[in-house]
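Trainee: Sharing data-v2.txt below, compact mmCIF, N, CA and C atoms:
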```txt
# COMPACT_ATOMS: atom_id res chain seq x y z
N MET A 465 30.96 25.92 6.91
CA MET A 465 30.49 26.66 8.07
C MET A 465 31.64 26.71 9.07
N ASN A 466 31.96 27.91 9.52
CA ASN A 466 33.06 28.01 10.48
C ASN A 466 32.55 27.82 11.90
N GLU A 467 33.49 27.74 12.84
CA GLU A 467 33.15 27.47 14.24
C GLU A 467 32.18 28.51 14.81
N SER A 468 32.35 29.76 14.46
CA SER A 468 31.46 30.79 15.01
C SER A 468 30.03 30.63 14.49
N LYS A 469 29.90 30.19 13.25
CA LYS A 469 28.57 29.98 12.70
C LYS A 469 27.87 28.79 13.36
N ILE A 470 28.64 27.78 13.72
CA ILE A 470 28.06 26.64 14.43
C ILE A 470 27.53 27.10 15.78
N ASN A 471 28.15 28.11 16.34
CA ASN A 471 27.71 28.61 17.64
C ASN A 471 26.32 29.25 17.57
N ASN A 472 25.83 29.54 16.35
CA ASN A 472 24.47 30.05 16.21
C ASN A 472 23.44 28.95 16.47
N TYR A 473 23.89 27.72 16.46
CA TYR A 473 23.03 26.57 16.71
C TYR A 473 23.31 26.03 18.10
N GLN A 474 22.29 25.47 18.70
CA GLN A 474 22.46 24.79 19.98
C GLN A 474 22.78 23.33 19.67
N ILE A 475 23.97 22.89 20.06
CA ILE A 475 24.36 21.50 19.84
C ILE A 475 23.45 20.62 20.69
N SER A 476 22.94 19.57 20.09
CA SER A 476 22.03 18.66 20.80
C SER A 476 22.76 17.91 21.90
N THR A 477 22.03 17.56 22.93
CA THR A 477 22.61 16.85 24.06
C THR A 477 22.69 15.35 23.76
N ILE A 478 23.55 14.67 24.48
CA ILE A 478 23.67 13.22 24.36
C ILE A 478 22.35 12.57 24.74
N ARG A 479 21.68 13.10 25.73
CA ARG A 479 20.39 12.54 26.16
C ARG A 479 19.36 12.55 25.04
N LYS A 480 19.23 13.69 24.35
CA LYS A 480 18.28 13.79 23.24
C LYS A 480 18.66 12.83 22.12
N ARG A 481 19.94 12.77 21.82
CA ARG A 481 20.41 11.89 20.74
C ARG A 481 20.18 10.43 21.09
N THR A 482 20.42 10.07 22.34
CA THR A 482 20.23 8.68 22.76
C THR A 482 18.76 8.30 22.70
N THR A 483 17.90 9.20 23.14
CA THR A 483 16.46 8.93 23.09
C THR A 483 16.01 8.78 21.64
N ALA A 484 16.48 9.66 20.76
CA ALA A 484 16.13 9.56 19.34
C ALA A 484 16.63 8.24 18.75
N TYR A 485 17.82 7.83 19.15
CA TYR A 485 18.39 6.55 18.68
C TYR A 485 17.45 5.40 19.04
N PHE A 486 17.02 5.35 20.30
CA PHE A 486 16.15 4.26 20.73
C PHE A 486 14.78 4.32 20.06
N LEU A 487 14.24 5.51 19.86
CA LEU A 487 12.96 5.64 19.16
C LEU A 487 13.09 5.11 17.73
N ASP A 488 14.16 5.49 17.04
CA ASP A 488 14.38 5.01 15.68
C ASP A 488 14.60 3.50 15.66
N ASP A 489 15.30 2.99 16.65
CA ASP A 489 15.54 1.55 16.73
C ASP A 489 14.22 0.79 16.90
N ILE A 490 13.31 1.33 17.68
CA ILE A 490 11.99 0.71 17.85
C ILE A 490 11.22 0.73 16.53
N ILE A 491 11.28 1.85 15.82
CA ILE A 491 10.58 1.96 14.54
C ILE A 491 11.13 0.96 13.53
N VAL A 492 12.45 0.87 13.41
CA VAL A 492 13.06 -0.08 12.48
C VAL A 492 12.71 -1.51 12.88
N SER A 493 12.73 -1.80 14.17
CA SER A 493 12.37 -3.14 14.65
C SER A 493 10.93 -3.48 14.29
N LEU A 494 10.03 -2.52 14.44
CA LEU A 494 8.63 -2.75 14.06
C LEU A 494 8.49 -2.99 12.56
N LEU A 495 9.24 -2.24 11.76
CA LEU A 495 9.23 -2.46 10.32
C LEU A 495 9.70 -3.87 9.98
N LEU A 496 10.77 -4.29 10.61
CA LEU A 496 11.29 -5.64 10.39
C LEU A 496 10.28 -6.69 10.82
N PHE A 497 9.62 -6.45 11.94
CA PHE A 497 8.60 -7.38 12.43
C PHE A 497 7.47 -7.51 11.41
N VAL A 498 7.02 -6.40 10.85
CA VAL A 498 5.95 -6.42 9.87
C VAL A 498 6.41 -7.14 8.59
N ILE A 499 7.61 -6.82 8.13
CA ILE A 499 8.13 -7.43 6.90
C ILE A 499 8.28 -8.94 7.05
N PHE A 500 8.77 -9.38 8.20
CA PHE A 500 9.08 -10.80 8.40
C PHE A 500 8.06 -11.52 9.29
N TYR A 501 6.88 -10.95 9.44
CA TYR A 501 5.89 -11.50 10.37
C TYR A 501 5.61 -12.98 10.11
N ASN A 502 5.31 -13.33 8.88
CA ASN A 502 4.96 -14.73 8.58
C ASN A 502 6.10 -15.68 8.93
N GLN A 503 7.31 -15.32 8.58
CA GLN A 503 8.46 -16.16 8.92
C GLN A 503 8.63 -16.27 10.44
N LEU A 504 8.44 -15.17 11.13
CA LEU A 504 8.61 -15.17 12.59
C LEU A 504 7.57 -16.05 13.28
N VAL A 505 6.35 -16.05 12.76
CA VAL A 505 5.30 -16.90 13.33
C VAL A 505 5.68 -18.37 13.17
N ILE A 506 6.16 -18.73 12.00
CA ILE A 506 6.58 -20.12 11.75
C ILE A 506 7.75 -20.50 12.66
N ILE A 507 8.72 -19.61 12.79
CA ILE A 507 9.88 -19.88 13.66
C ILE A 507 9.42 -20.02 15.11
N TYR A 508 8.53 -19.15 15.53
CA TYR A 508 8.01 -19.22 16.90
C TYR A 508 7.34 -20.57 17.16
N GLN A 509 6.54 -21.00 16.21
CA GLN A 509 5.86 -22.30 16.36
C GLN A 509 6.86 -23.45 16.42
N GLN A 510 7.90 -23.37 15.59
CA GLN A 510 8.92 -24.42 15.60
C GLN A 510 9.64 -24.47 16.94
N ILE A 511 9.97 -23.31 17.46
CA ILE A 511 10.65 -23.25 18.75
C ILE A 511 9.73 -23.76 19.86
N GLN A 512 8.49 -23.35 19.81
CA GLN A 512 7.52 -23.76 20.83
C GLN A 512 7.32 -25.28 20.83
N ASN A 513 7.33 -25.87 19.67
CA ASN A 513 7.13 -27.32 19.56
C ASN A 513 8.35 -28.14 19.97
N SER A 514 9.52 -27.66 19.62
CA SER A 514 10.72 -28.49 19.83
C SER A 514 11.73 -27.91 20.80
N MET A 515 11.57 -26.65 21.18
CA MET A 515 12.55 -25.95 22.02
C MET A 515 13.93 -25.93 21.37
N ASP A 516 13.94 -25.99 20.05
CA ASP A 516 15.17 -25.93 19.27
C ASP A 516 15.26 -24.53 18.65
N PHE A 517 16.31 -23.80 18.98
CA PHE A 517 16.46 -22.42 18.50
C PHE A 517 17.22 -22.33 17.18
N THR A 518 17.52 -23.47 16.59
CA THR A 518 18.24 -23.48 15.32
C THR A 518 17.53 -22.69 14.23
N PRO A 519 16.20 -22.81 14.08
CA PRO A 519 15.53 -22.00 13.04
C PRO A 519 15.69 -20.49 13.25
N LEU A 520 15.68 -20.06 14.49
CA LEU A 520 15.85 -18.64 14.78
C LEU A 520 17.26 -18.18 14.42
N ILE A 521 18.23 -18.98 14.78
CA ILE A 521 19.62 -18.63 14.45
C ILE A 521 19.81 -18.59 12.94
N ALA A 522 19.25 -19.56 12.24
CA ALA A 522 19.35 -19.59 10.78
C ALA A 522 18.67 -18.36 10.16
N TYR A 523 17.49 -18.01 10.69
CA TYR A 523 16.76 -16.83 10.21
C TYR A 523 17.61 -15.56 10.39
N LEU A 524 18.21 -15.40 11.55
CA LEU A 524 19.04 -14.22 11.81
C LEU A 524 20.24 -14.18 10.88
N GLN A 525 20.88 -15.30 10.67
CA GLN A 525 22.03 -15.35 9.77
C GLN A 525 21.64 -15.04 8.33
N GLU A 526 20.53 -15.60 7.89
CA GLU A 526 20.08 -15.40 6.51
C GLU A 526 19.65 -13.96 6.22
N ASN A 527 19.18 -13.27 7.23
CA ASN A 527 18.60 -11.94 7.01
C ASN A 527 19.44 -10.78 7.55
N THR A 528 20.63 -11.05 8.01
CA THR A 528 21.48 -9.98 8.56
C THR A 528 21.68 -8.86 7.55
N LEU A 529 21.96 -9.19 6.31
CA LEU A 529 22.17 -8.17 5.29
C LEU A 529 20.91 -7.32 5.08
N VAL A 530 19.76 -7.95 5.11
CA VAL A 530 18.49 -7.21 4.98
C VAL A 530 18.33 -6.24 6.14
N PHE A 531 18.64 -6.69 7.36
CA PHE A 531 18.54 -5.82 8.53
C PHE A 531 19.45 -4.60 8.38
N ILE A 532 20.68 -4.85 7.95
CA ILE A 532 21.66 -3.77 7.78
C ILE A 532 21.20 -2.80 6.70
N LEU A 533 20.78 -3.34 5.57
CA LEU A 533 20.33 -2.48 4.47
C LEU A 533 19.11 -1.65 4.84
N LEU A 534 18.18 -2.23 5.56
CA LEU A 534 17.00 -1.46 5.99
C LEU A 534 17.41 -0.31 6.90
N ARG A 535 18.34 -0.55 7.80
CA ARG A 535 18.80 0.52 8.70
C ARG A 535 19.50 1.63 7.90
N ILE A 536 20.31 1.24 6.92
CA ILE A 536 21.00 2.24 6.10
C ILE A 536 19.99 3.04 5.28
N VAL A 537 19.04 2.37 4.65
CA VAL A 537 18.02 3.05 3.85
C VAL A 537 17.19 4.00 4.73
N TYR A 538 16.76 3.53 5.88
CA TYR A 538 15.98 4.34 6.82
C TYR A 538 16.73 5.62 7.19
N GLN A 539 17.96 5.47 7.65
CA GLN A 539 18.75 6.63 8.06
C GLN A 539 19.03 7.55 6.89
N THR A 540 19.47 6.98 5.77
CA THR A 540 19.81 7.80 4.60
C THR A 540 18.60 8.59 4.12
N PHE A 541 17.47 7.91 3.94
CA PHE A 541 16.29 8.57 3.41
C PHE A 541 15.84 9.75 4.27
N PHE A 542 15.65 9.51 5.56
CA PHE A 542 15.13 10.57 6.41
C PHE A 542 16.13 11.71 6.61
N VAL A 543 17.39 11.39 6.76
CA VAL A 543 18.40 12.44 6.95
C VAL A 543 18.54 13.26 5.67
N TRP A 544 18.51 12.60 4.53
CA TRP A 544 18.62 13.30 3.23
C TRP A 544 17.39 14.17 2.98
N GLN A 545 16.21 13.69 3.33
CA GLN A 545 14.99 14.43 3.04
C GLN A 545 14.79 15.67 3.90
N ASN A 546 15.08 15.55 5.20
CA ASN A 546 14.84 16.73 6.05
C ASN A 546 15.79 16.85 7.23
N GLY A 547 16.86 16.05 7.22
CA GLY A 547 17.85 16.15 8.30
C GLY A 547 17.41 15.49 9.59
N MET A 548 16.25 14.83 9.58
CA MET A 548 15.73 14.23 10.80
C MET A 548 15.09 12.88 10.50
N THR A 549 15.41 11.91 11.33
CA THR A 549 14.66 10.66 11.33
C THR A 549 13.42 10.89 12.18
N PRO A 550 12.46 9.98 12.15
CA PRO A 550 11.29 10.17 13.03
C PRO A 550 11.68 10.33 14.51
N GLY A 551 12.66 9.58 14.98
CA GLY A 551 13.11 9.73 16.37
C GLY A 551 13.67 11.11 16.64
N LYS A 552 14.42 11.65 15.69
CA LYS A 552 14.97 13.00 15.84
C LYS A 552 13.85 14.05 15.76
N MET A 553 12.84 13.79 14.92
CA MET A 553 11.70 14.72 14.86
C MET A 553 11.02 14.82 16.22
N ILE A 554 10.79 13.67 16.84
CA ILE A 554 10.15 13.65 18.16
C ILE A 554 11.00 14.40 19.18
N MET A 555 12.32 14.24 19.10
CA MET A 555 13.22 14.88 20.06
C MET A 555 13.59 16.31 19.66
N LYS A 556 13.09 16.74 18.50
CA LYS A 556 13.33 18.10 18.00
C LYS A 556 14.82 18.40 17.82
N ILE A 557 15.49 17.46 17.15
CA ILE A 557 16.90 17.66 16.80
C ILE A 557 17.07 17.38 15.31
N ARG A 558 18.13 17.93 14.72
CA ARG A 558 18.35 17.84 13.28
C ARG A 558 19.84 17.69 12.99
N ILE A 559 20.13 17.02 11.89
CA ILE A 559 21.50 16.87 11.43
C ILE A 559 21.75 17.93 10.37
N ILE A 560 22.88 18.61 10.48
CA ILE A 560 23.28 19.58 9.45
C ILE A 560 24.72 19.31 9.04
N GLU A 561 25.03 19.70 7.82
CA GLU A 561 26.42 19.64 7.35
C GLU A 561 27.17 20.81 7.96
N MET A 562 28.36 20.54 8.43
CA MET A 562 29.14 21.59 9.08
C MET A 562 29.58 22.66 8.10
N ASP A 563 29.85 22.28 6.86
CA ASP A 563 30.34 23.26 5.88
C ASP A 563 29.28 24.25 5.44
N SER A 564 28.04 23.78 5.32
CA SER A 564 27.00 24.64 4.76
C SER A 564 25.89 25.01 5.74
N GLY A 565 25.73 24.23 6.80
CA GLY A 565 24.62 24.46 7.73
C GLY A 565 23.30 23.94 7.19
N GLN A 566 23.34 23.28 6.04
CA GLN A 566 22.14 22.74 5.41
C GLN A 566 21.95 21.27 5.80
N ILE A 567 20.76 20.75 5.50
CA ILE A 567 20.54 19.33 5.73
C ILE A 567 21.49 18.56 4.82
N PRO A 568 21.90 17.37 5.23
CA PRO A 568 22.88 16.62 4.44
C PRO A 568 22.38 16.25 3.04
N SER A 569 23.32 16.28 2.10
CA SER A 569 23.04 15.80 0.75
C SER A 569 22.87 14.28 0.81
N PHE A 570 22.41 13.71 -0.31
CA PHE A 570 22.23 12.26 -0.34
C PHE A 570 23.54 11.53 -0.04
N SER A 571 24.62 11.96 -0.66
CA SER A 571 25.90 11.26 -0.46
C SER A 571 26.39 11.37 0.98
N VAL A 572 26.20 12.51 1.60
CA VAL A 572 26.60 12.69 3.01
C VAL A 572 25.70 11.84 3.91
N ALA A 573 24.41 11.84 3.64
CA ALA A 573 23.48 11.04 4.44
C ALA A 573 23.80 9.56 4.32
N PHE A 574 24.12 9.11 3.11
CA PHE A 574 24.46 7.70 2.89
C PHE A 574 25.78 7.34 3.59
N LEU A 575 26.77 8.20 3.47
CA LEU A 575 28.05 7.97 4.15
C LEU A 575 27.84 7.89 5.65
N ARG A 576 27.10 8.83 6.19
CA ARG A 576 26.84 8.86 7.63
C ARG A 576 26.11 7.60 8.09
N ALA A 577 25.10 7.18 7.34
CA ALA A 577 24.33 5.98 7.69
C ALA A 577 25.20 4.72 7.63
N SER A 578 26.05 4.65 6.64
CA SER A 578 26.92 3.48 6.48
C SER A 578 27.95 3.39 7.60
N ILE A 579 28.55 4.50 7.94
CA ILE A 579 29.55 4.51 9.02
C ILE A 579 28.86 4.24 10.36
N ARG A 580 27.64 4.69 10.47
CA ARG A 580 26.85 4.47 11.70
C ARG A 580 26.72 2.97 11.97
N ILE A 581 26.49 2.17 10.94
CA ILE A 581 26.37 0.72 11.09
C ILE A 581 27.68 0.14 11.61
N VAL A 582 28.79 0.62 11.07
CA VAL A 582 30.10 0.14 11.52
C VAL A 582 30.31 0.52 12.99
N SER A 583 29.95 1.73 13.36
CA SER A 583 30.08 2.19 14.75
C SER A 583 29.29 1.31 15.71
N GLU A 584 28.10 0.93 15.29
CA GLU A 584 27.26 0.07 16.13
C GLU A 584 27.86 -1.33 16.25
N SER A 585 28.43 -1.80 15.17
CA SER A 585 28.94 -3.17 15.12
C SER A 585 30.19 -3.39 15.95
N ILE A 586 30.94 -2.34 16.14
CA ILE A 586 32.19 -2.46 16.89
C ILE A 586 32.00 -1.84 18.28
N PHE A 587 31.16 -2.49 19.06
CA PHE A 587 30.93 -2.13 20.47
C PHE A 587 30.54 -0.67 20.68
N TYR A 588 29.88 -0.08 19.69
CA TYR A 588 29.40 1.31 19.78
C TYR A 588 30.53 2.30 20.02
N ILE A 589 31.73 1.93 19.63
CA ILE A 589 32.89 2.79 19.86
C ILE A 589 32.72 4.16 19.22
N GLY A 590 32.10 4.20 18.04
CA GLY A 590 31.88 5.47 17.37
C GLY A 590 30.95 6.39 18.13
N TYR A 591 30.07 5.80 18.91
CA TYR A 591 29.14 6.60 19.72
C TYR A 591 29.81 7.12 20.99
N ILE A 592 30.69 6.32 21.53
CA ILE A 592 31.39 6.71 22.76
C ILE A 592 32.20 7.98 22.53
N MET A 593 32.66 8.17 21.30
CA MET A 593 33.41 9.39 20.97
C MET A 593 32.64 10.66 21.32
N ALA A 594 31.33 10.61 21.23
CA ALA A 594 30.51 11.81 21.48
C ALA A 594 30.67 12.33 22.91
N PHE A 595 30.96 11.43 23.83
CA PHE A 595 31.13 11.84 25.23
C PHE A 595 32.38 12.68 25.43
N PHE A 596 33.31 12.60 24.51
CA PHE A 596 34.59 13.29 24.65
C PHE A 596 34.78 14.38 23.62
N ASN A 597 33.71 14.75 22.94
CA ASN A 597 33.78 15.73 21.88
C ASN A 597 32.93 16.94 22.27
N PRO A 598 33.49 18.14 22.21
CA PRO A 598 32.72 19.33 22.62
C PRO A 598 31.46 19.56 21.78
N MET A 599 31.46 19.07 20.53
CA MET A 599 30.28 19.24 19.68
C MET A 599 29.43 17.97 19.67
N VAL A 600 29.69 17.06 20.59
CA VAL A 600 28.93 15.83 20.77
C VAL A 600 28.83 15.05 19.44
N GLN A 601 29.93 15.01 18.71
CA GLN A 601 29.96 14.29 17.44
C GLN A 601 30.38 12.84 17.63
N THR A 602 29.67 11.98 16.97
CA THR A 602 30.03 10.56 16.93
C THR A 602 31.02 10.37 15.77
N LEU A 603 31.51 9.15 15.62
CA LEU A 603 32.42 8.86 14.50
C LEU A 603 31.75 9.15 13.17
N HIS A 604 30.49 8.74 13.03
CA HIS A 604 29.81 8.97 11.75
C HIS A 604 29.57 10.47 11.50
N ASP A 605 29.38 11.25 12.54
CA ASP A 605 29.27 12.70 12.38
C ASP A 605 30.60 13.29 11.94
N LYS A 606 31.66 12.87 12.60
CA LYS A 606 33.00 13.40 12.27
C LYS A 606 33.36 13.12 10.82
N LEU A 607 33.22 11.85 10.41
CA LEU A 607 33.63 11.47 9.06
C LEU A 607 32.72 12.04 7.98
N ALA A 608 31.45 12.23 8.29
CA ALA A 608 30.51 12.82 7.33
C ALA A 608 30.49 14.35 7.42
N LYS A 609 31.23 14.89 8.40
CA LYS A 609 31.28 16.34 8.62
C LYS A 609 29.89 16.91 8.89
N THR A 610 29.21 16.26 9.84
CA THR A 610 27.89 16.72 10.25
C THR A 610 27.87 16.95 11.75
N VAL A 611 26.85 17.64 12.20
CA VAL A 611 26.65 17.87 13.63
C VAL A 611 25.14 17.83 13.88
N VAL A 612 24.75 17.39 15.07
CA VAL A 612 23.33 17.32 15.43
C VAL A 612 23.02 18.50 16.32
N VAL A 613 21.99 19.25 15.90
CA VAL A 613 21.63 20.48 16.61
C VAL A 613 20.16 20.43 17.01
N ASP A 614 19.78 21.28 17.95
CA ASP A 614 18.39 21.43 18.31
C ASP A 614 17.67 22.19 17.19
N VAL A 615 16.41 21.84 16.99
CA VAL A 615 15.62 22.52 15.93
C VAL A 615 15.19 23.88 16.46
```
Once you've parsed the file, please lay out its structure as structure tokens.

Mentor:
Amino acid sequence: MNESKINNYQISTIRKRTTAYFLDDIIVSLLLFVIFYNQLVIIYQQIQNSMDFTPLIAYLQENTLVFILLRIVYQTFFVWQNGMTPGKMIMKIRIIEMDSGQIPSFSVAFLRASIRIVSESIFYIGYIMAFFNPMVQTLHDKLAKTVVVDV
């Protein structure tokens, strides 16, 4: 897709993208809460009884990979299926591939989701790029060759 064709779409605003990000973060957090509910109840009871946060720290360390994988699966699945996560659906924005204008393929969605995790892990530097980019692209958008547009 060339630059003029992208102009047929309204590039999404940082505000809409940020709101969608937080909505998706809440959804993923709720999923994690449901998945790990029993463990969290036990940890809460241990902390309440002893005021020792060691079990919580151990839990976070043991499950970091699960948290990361769930976020990657969530982003990849929804972006691959219809170009929108639930947060993006609510905000009426969509991810498209710049070359085709279509929703991202599985490989593009997976690449974007994986780089997104790295962007978050390094002080959100990949997100800060959007403030200085005319197409409001983050690092994961740039590397995956995607752009977020209004539906």

Trainee: Mind giving me the straight-line distance from atom CA of A:Asp563 to atom CA of A:Phe587 in Å, one decimal?

Mentor: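 Rounded to one decimal, the two atoms are 29.3 Å apart.
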
Trainee: Pick the closest to A:Val600 from A:Met562, A:Val582, A:Ile557, A:Ile478: which is it, counting all atoms listed in the file?

Mentor: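 Closest residue, counting all atoms listed in the file: A:Ile478.
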
Trainee: Atom N of A:Phe570 and atom CA of A:Gln474, how far apart in Å?

Mentor: 23.1 Å

Trainee: What is the distance between atom N of A:Phe497 and atom N of A:Tyr538, in Å to one decimal?

Mentor: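 Rounded to one decimal, the two atoms are 13.7 Å apart.
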
Trainee: I'd like the neighbourhood of A:Trp544 as a list of chain:residue names, where a residue qualifies if any of its atoms comes within 9 Å (using only C-alpha atoms), though same-chain residues fewer than 6 positions away should be ignored.

Mentor: A:Ile567, A:Pro568, A:Ser569, A:Phe570, A:Ser571, A:Val572, A:Ala573, A:Phe574

Trainee: Taking the DSSP assignment computed from this structure's backbone, write out as a ChimeraX atom specification all residues of stretch 537-585 of chain A that belong to helix (DSSP H, G or I).

Mentor: /A:537-546,550-555,570-585

Trainee: Would you mind telling me which residue in A:Ala484, A:Leu504, A:Leu607, A:Val613 lies nearest to A:Ile554 when using only N, CA and C atoms?

Mentor: A:Ala484

Trainee: Between A:Ile499, A:Leu494, A:Met555, A:Leu529, which has the minimum distance to A:Asp614 (counting only N, CA and C atoms)?

Mentor: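 Of all the options, A:Met555 lies closest to A:Asp614.
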
Trainee: In terms of the shortest atom-to-atom distance over all atoms listed in the file, which of A:Thr549, A:Ser585, A:Ile592, A:Arg576 is closest to A:His604?

Mentor: A:Arg576

Trainee: Mind listing as number ranges by chain all residues within 7 Å of (12.3, -1.1, 6.8), counting all atoms listed in the file?

Mentor: A: 492, 495-496, 534-535, 538

Trainee: Restricting the calculation to all atoms listed in the file: of A:Gln503, A:Arg558, A:Ala577, A:Tyr591, which residue gets closest to A:Val611?

Mentor: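 With all atoms listed in the file as the atom set, the closest residue is A:Arg558.
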
Trainee: So which residues of chain A fall under strand (DSSP E or B) by DSSP, listed as a list in words?

Mentor: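 Everything in chain A that counts as strand (DSSP E or B) is Ile475, Ile557, Arg558, Ile559, Ile560, Glu561, Thr610, Val611, Val612, Val613 and Asp614 of chain A.
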
Trainee: Go ahead and find all residues with at least one atom no further than 6 Å from (26.3, 21.9, 19.4) in the file's coordinates, using only N, CA and C atoms; report them as number ranges by chain.

Mentor: A: 473-476, 599, 612-613

Trainee: List the neighbours of A:Leu603 out to 7 Å using all atoms listed in the file; skip same-chain residues closer than 3 positions along the sequence, and give me the result as a VMD selection string.

Mentor: chain A and resid 579 to 580 589 to 594 606 to 608
